[in-house]
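Data block for coords.txt (compact mmCIF, C-alpha atoms):
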# COMPACT_ATOMS: atom_id res chain seq x y z
CA MET A 1 -99.73 6.24 -22.73
CA LEU A 2 -96.45 7.38 -21.29
CA ARG A 3 -95.49 10.65 -22.92
CA LEU A 4 -93.24 13.61 -22.13
CA SER A 5 -94.63 17.11 -22.23
CA LYS A 6 -93.35 19.67 -24.72
CA LYS A 7 -91.62 21.46 -21.84
CA ALA A 8 -89.70 18.28 -20.97
CA ASP A 9 -88.79 17.81 -24.64
CA TYR A 10 -87.55 21.39 -24.82
CA ALA A 11 -85.56 20.97 -21.61
CA LEU A 12 -83.80 17.89 -22.98
CA ILE A 13 -83.12 19.68 -26.29
CA ALA A 14 -81.55 22.60 -24.41
CA MET A 15 -79.50 20.34 -22.13
CA LYS A 16 -78.13 18.38 -25.10
CA HIS A 17 -77.37 21.62 -26.96
CA LEU A 18 -75.42 22.99 -23.99
CA ALA A 19 -73.57 19.68 -23.48
CA VAL A 20 -72.54 19.48 -27.15
CA ARG A 21 -71.52 23.13 -27.13
CA GLY A 22 -69.35 22.57 -24.05
CA ASP A 23 -67.73 19.45 -25.57
CA ARG A 24 -66.64 21.41 -28.63
CA GLY A 25 -64.50 23.65 -26.46
CA ALA A 26 -66.90 26.52 -26.95
CA GLN A 27 -67.80 28.73 -24.05
CA GLY A 28 -70.50 26.22 -23.19
CA SER A 29 -73.20 28.81 -22.60
CA ALA A 30 -76.07 30.01 -24.73
CA SER A 31 -78.97 32.40 -24.35
CA ALA A 32 -82.59 31.32 -24.25
CA ARG A 33 -83.14 33.21 -27.49
CA GLU A 34 -80.26 31.45 -29.24
CA ILE A 35 -81.52 27.98 -28.28
CA ALA A 36 -85.15 28.84 -29.03
CA GLU A 37 -84.36 30.21 -32.50
CA LEU A 38 -82.08 27.30 -33.38
CA TYR A 39 -84.79 24.73 -32.62
CA ASP A 40 -87.92 26.77 -33.54
CA ILE A 41 -89.21 26.94 -29.96
CA PRO A 42 -91.08 29.99 -28.60
CA VAL A 43 -88.50 32.16 -26.79
CA GLU A 44 -90.74 32.84 -23.77
CA LEU A 45 -91.37 29.14 -23.25
CA MET A 46 -87.67 28.27 -23.59
CA ALA A 47 -86.81 31.00 -21.07
CA LYS A 48 -89.30 29.56 -18.55
CA VAL A 49 -87.95 26.02 -19.04
CA LEU A 50 -84.36 27.18 -18.60
CA GLN A 51 -85.25 29.17 -15.47
CA ARG A 52 -86.87 26.10 -13.95
CA LEU A 53 -83.71 24.08 -14.69
CA VAL A 54 -81.66 26.79 -12.94
CA ARG A 55 -83.94 26.64 -9.87
CA ARG A 56 -83.45 22.86 -9.75
CA GLY A 57 -79.65 23.22 -9.92
CA LEU A 58 -79.21 21.63 -13.35
CA LEU A 59 -78.21 24.85 -15.12
CA ALA A 60 -76.31 27.93 -14.07
CA SER A 61 -77.11 31.35 -15.51
CA GLN A 62 -74.90 34.37 -15.96
CA GLN A 63 -76.04 37.88 -16.72
CA GLY A 64 -74.25 40.25 -19.06
CA THR A 65 -72.82 40.28 -22.56
CA ARG A 66 -70.98 36.98 -22.11
CA GLY A 67 -73.85 35.57 -20.11
CA GLY A 68 -76.29 32.84 -20.81
CA TYR A 69 -77.09 29.38 -19.53
CA GLN A 70 -74.67 26.54 -19.02
CA LEU A 71 -74.75 23.12 -17.40
CA ALA A 72 -74.27 23.28 -13.64
CA ARG A 73 -72.56 19.85 -13.61
CA ARG A 74 -70.77 17.64 -16.08
CA PRO A 75 -73.18 16.07 -18.62
CA ALA A 76 -72.38 12.57 -17.29
CA GLN A 77 -73.64 13.67 -13.86
CA ILE A 78 -77.08 14.79 -15.09
CA SER A 79 -79.62 12.10 -15.89
CA VAL A 80 -82.61 12.33 -18.19
CA ALA A 81 -84.71 11.56 -15.09
CA ASP A 82 -83.24 14.64 -13.36
CA VAL A 83 -84.31 16.86 -16.25
CA ILE A 84 -87.78 15.36 -16.66
CA GLN A 85 -88.53 15.54 -12.94
CA ALA A 86 -87.26 19.13 -12.76
CA ILE A 87 -89.83 20.10 -15.38
CA GLU A 88 -92.76 17.74 -14.77
CA GLY A 89 -92.38 16.66 -11.15
CA PRO A 90 -92.44 13.00 -10.14
CA VAL A 91 -92.77 10.44 -12.92
CA THR A 92 -96.10 8.65 -12.56
CA VAL A 93 -97.71 5.74 -14.35
CA THR A 94 -101.04 5.71 -12.54
CA ALA A 95 -102.96 8.12 -10.31
CA CYS A 96 -101.71 6.21 -7.27
CA SER A 97 -98.03 6.35 -8.32
CA THR A 98 -97.47 9.17 -5.84
CA ASP A 99 -98.18 9.32 -2.13
CA GLU A 100 -101.08 11.77 -2.57
CA GLY A 101 -102.90 10.02 -5.38
CA GLN A 102 -105.45 7.38 -4.46
CA CYS A 103 -108.51 6.20 -6.31
CA GLU A 104 -111.64 4.36 -5.21
CA GLN A 105 -110.06 0.99 -6.09
CA PHE A 106 -106.85 1.58 -4.13
CA SER A 107 -107.49 -1.05 -1.43
CA LYS A 108 -108.72 -3.70 -3.89
CA CYS A 109 -106.53 -2.91 -6.91
CA ASN A 110 -104.74 -5.97 -8.24
CA VAL A 111 -102.38 -4.08 -10.58
CA ARG A 112 -101.21 -1.31 -8.24
CA ASP A 113 -98.04 -3.03 -7.04
CA PRO A 114 -97.00 -4.39 -10.46
CA LEU A 115 -97.51 -0.92 -11.98
CA TRP A 116 -95.42 0.63 -9.21
CA ARG A 117 -92.65 -1.80 -10.19
CA VAL A 118 -93.04 -0.72 -13.83
CA ARG A 119 -92.69 2.90 -12.68
CA GLU A 120 -89.49 2.02 -10.81
CA ARG A 121 -88.07 0.34 -13.91
CA ILE A 122 -88.87 3.40 -16.00
CA LEU A 123 -87.22 5.67 -13.42
CA THR A 124 -84.16 3.41 -13.34
CA ALA A 125 -83.85 3.51 -17.14
CA LEU A 126 -84.28 7.31 -17.24
CA GLY A 127 -81.81 7.64 -14.38
CA GLU A 128 -79.17 5.58 -16.18
CA CYS A 129 -79.38 7.65 -19.38
CA THR A 130 -77.33 10.83 -19.03
CA ILE A 131 -77.11 14.10 -20.90
CA ALA A 132 -73.61 12.97 -21.98
CA GLU A 133 -75.24 9.98 -23.67
CA LEU A 134 -77.73 12.24 -25.45
CA ALA A 135 -74.91 14.54 -26.52
CA ALA A 136 -72.93 11.61 -27.96
CA ASP A 137 -75.62 10.93 -30.55
CA PRO A 138 -74.96 12.73 -33.82
CA PRO A 139 -77.21 15.70 -34.53
CA VAL A 140 -80.16 15.20 -36.81
CA PRO A 141 -79.34 16.75 -40.20
CA ALA A 142 -81.48 19.63 -41.36
CA PRO A 143 -84.06 18.59 -43.94
CA ALA A 144 -82.56 18.78 -47.39
CA ARG A 145 -84.28 21.07 -49.82
CA THR A 146 -85.78 19.09 -52.65
CA ALA A 147 -84.60 20.29 -56.00
CA VAL A 148 -87.34 20.65 -58.57
CA LEU A 149 -86.34 19.23 -61.91
CA HIS A 150 -87.86 20.77 -64.98
CA THR A 151 -87.84 18.72 -68.09
CA HIS A 152 -88.80 19.92 -71.49
CA LEU A 153 -90.49 17.42 -73.76
Rewrite the coordinates I just gave you, this time as structure tokens.
Amino acid sequence: MLRLSKKADYALIAMKHLAVRGDRGAQGSASAREIAELYDIPVELMAKVLQRLVRRGLLASQQGTRGGYQLARRPAQISVADVIQAIEGPVTVTACSTDEGQCEQFSKCNVRDPLWRVRERILTALGECTIAELAADPPVPAPARTAVLHTHL
């Protein structure tokens, strides 16, 4: 099963948040605490994710009272693949999807090459989807509180 880690999910959430914030003419930066609290993510984990995105050149950070994290490039110039690979490393489908990974069946495997092509298609799709595209989707509304109706019989 192809599945993103929680860290990759959190990274994409933060990137979309910063892109939307920047599009609204706001300062475009936010603290790790602000993002974590808004989306109910542990602050320490969000801080680690954001720091990794800074090291990979996807975010810029500023210290001080007006500091925080902001996108290092325009949202249209950052792909979902960039974010995922910054957090998780190379996208793999099988153990042999990377240069280092080989299994006992490597030389006789009849699905290795087709699965590598699948991996390339996935990378292409993730590379074509940008943070700007994520930011264009409307936000998910907060769950409405269900009113309890009391009836008297």
Could you tell me how far atom CA of A:Tyr69 lies from atom CA of A:Gln85, in Å and to one decimal?
19.1 Å
Please compute the atom CA of A:Ile35-atom CA of A:Ile13 distance, one decimal, in Å.
8.7 Å
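The interatomic distance for the pair atom CA of A:Ile84 and atom CA of A:Leu50 works out to 12.5 Å.
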Among A:Thr130, A:Thr124, A:Gln62, A:Thr92, A:Arg112 is approached most closely, using all atoms listed in the file, by A:Thr92
Extract, using all atoms listed in the file, all DNA, RNA and protein residues at most 12 Å from stretch 86-91 of chain A, discarding same-chain residues fewer than 4 positions from it, and format them as a PDB file with C-alpha atoms, in the coordinates of the input.
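Wrote around17.pdb, looks like this:
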ATOM      1  CA  LEU A   2     -96.450   7.380 -21.290  1.00  0.00           C
ATOM      2  CA  ARG A   3     -95.490  10.650 -22.920  1.00  0.00           C
ATOM      3  CA  LEU A   4     -93.240  13.610 -22.130  1.00  0.00           C
ATOM      4  CA  SER A   5     -94.630  17.110 -22.230  1.00  0.00           C
ATOM      5  CA  LYS A   6     -93.350  19.670 -24.720  1.00  0.00           C
ATOM      6  CA  LYS A   7     -91.620  21.460 -21.840  1.00  0.00           C
ATOM      7  CA  ALA A   8     -89.700  18.280 -20.970  1.00  0.00           C
ATOM      8  CA  ASP A   9     -88.790  17.810 -24.640  1.00  0.00           C
ATOM      9  CA  TYR A  10     -87.550  21.390 -24.820  1.00  0.00           C
ATOM     10  CA  ALA A  11     -85.560  20.970 -21.610  1.00  0.00           C
ATOM     11  CA  LEU A  12     -83.800  17.890 -22.980  1.00  0.00           C
ATOM     12  CA  MET A  46     -87.670  28.270 -23.590  1.00  0.00           C
ATOM     13  CA  LYS A  48     -89.300  29.560 -18.550  1.00  0.00           C
ATOM     14  CA  VAL A  49     -87.950  26.020 -19.040  1.00  0.00           C
ATOM     15  CA  LEU A  50     -84.360  27.180 -18.600  1.00  0.00           C
ATOM     16  CA  GLN A  51     -85.250  29.170 -15.470  1.00  0.00           C
ATOM     17  CA  ARG A  52     -86.870  26.100 -13.950  1.00  0.00           C
ATOM     18  CA  LEU A  53     -83.710  24.080 -14.690  1.00  0.00           C
ATOM     19  CA  VAL A  54     -81.660  26.790 -12.940  1.00  0.00           C
ATOM     20  CA  ARG A  55     -83.940  26.640  -9.870  1.00  0.00           C
ATOM     21  CA  ARG A  56     -83.450  22.860  -9.750  1.00  0.00           C
ATOM     22  CA  GLY A  57     -79.650  23.220  -9.920  1.00  0.00           C
ATOM     23  CA  LEU A  58     -79.210  21.630 -13.350  1.00  0.00           C
ATOM     24  CA  LEU A  59     -78.210  24.850 -15.120  1.00  0.00           C
ATOM     25  CA  ILE A  78     -77.080  14.790 -15.090  1.00  0.00           C
ATOM     26  CA  SER A  79     -79.620  12.100 -15.890  1.00  0.00           C
ATOM     27  CA  VAL A  80     -82.610  12.330 -18.190  1.00  0.00           C
ATOM     28  CA  ALA A  81     -84.710  11.560 -15.090  1.00  0.00           C
ATOM     29  CA  ASP A  82     -83.240  14.640 -13.360  1.00  0.00           C
ATOM     30  CA  ALA A  95    -102.960   8.120 -10.310  1.00  0.00           C
ATOM     31  CA  CYS A  96    -101.710   6.210  -7.270  1.00  0.00           C
ATOM     32  CA  SER A  97     -98.030   6.350  -8.320  1.00  0.00           C
ATOM     33  CA  THR A  98     -97.470   9.170  -5.840  1.00  0.00           C
ATOM     34  CA  ASP A  99     -98.180   9.320  -2.130  1.00  0.00           C
ATOM     35  CA  GLU A 100    -101.080  11.770  -2.570  1.00  0.00           C
ATOM     36  CA  GLY A 101    -102.900  10.020  -5.380  1.00  0.00           C
ATOM     37  CA  TRP A 116     -95.420   0.630  -9.210  1.00  0.00           C
ATOM     38  CA  VAL A 118     -93.040  -0.720 -13.830  1.00  0.00           C
ATOM     39  CA  ARG A 119     -92.690   2.900 -12.680  1.00  0.00           C
ATOM     40  CA  GLU A 120     -89.490   2.020 -10.810  1.00  0.00           C
ATOM     41  CA  ARG A 121     -88.070   0.340 -13.910  1.00  0.00           C
ATOM     42  CA  ILE A 122     -88.870   3.400 -16.000  1.00  0.00           C
ATOM     43  CA  LEU A 123     -87.220   5.670 -13.420  1.00  0.00           C
ATOM     44  CA  THR A 124     -84.160   3.410 -13.340  1.00  0.00           C
ATOM     45  CA  LEU A 126     -84.280   7.310 -17.240  1.00  0.00           C
ATOM     46  CA  GLY A 127     -81.810   7.640 -14.380  1.00  0.00           C
TER      47      GLY A 127
END
Quick one: of A:Pro138, A:Pro75, A:Gly67, A:Pro114, who's nearest to A:Leu18, counting only C-alpha atoms?
A:Pro75
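Minimum atom-to-atom distance to A:Ala14, evaluated using only C-alpha atoms, belongs to A:Val83 out of A:Ala76, A:Val83, A:Thr65, A:Gln105.
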Measuring between only C-alpha atoms, which one of A:Pro42, A:Ala136, A:Ile131, A:Ala30 shows the shortest distance to A:Ser61?
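Closest candidate: A:Ala30.
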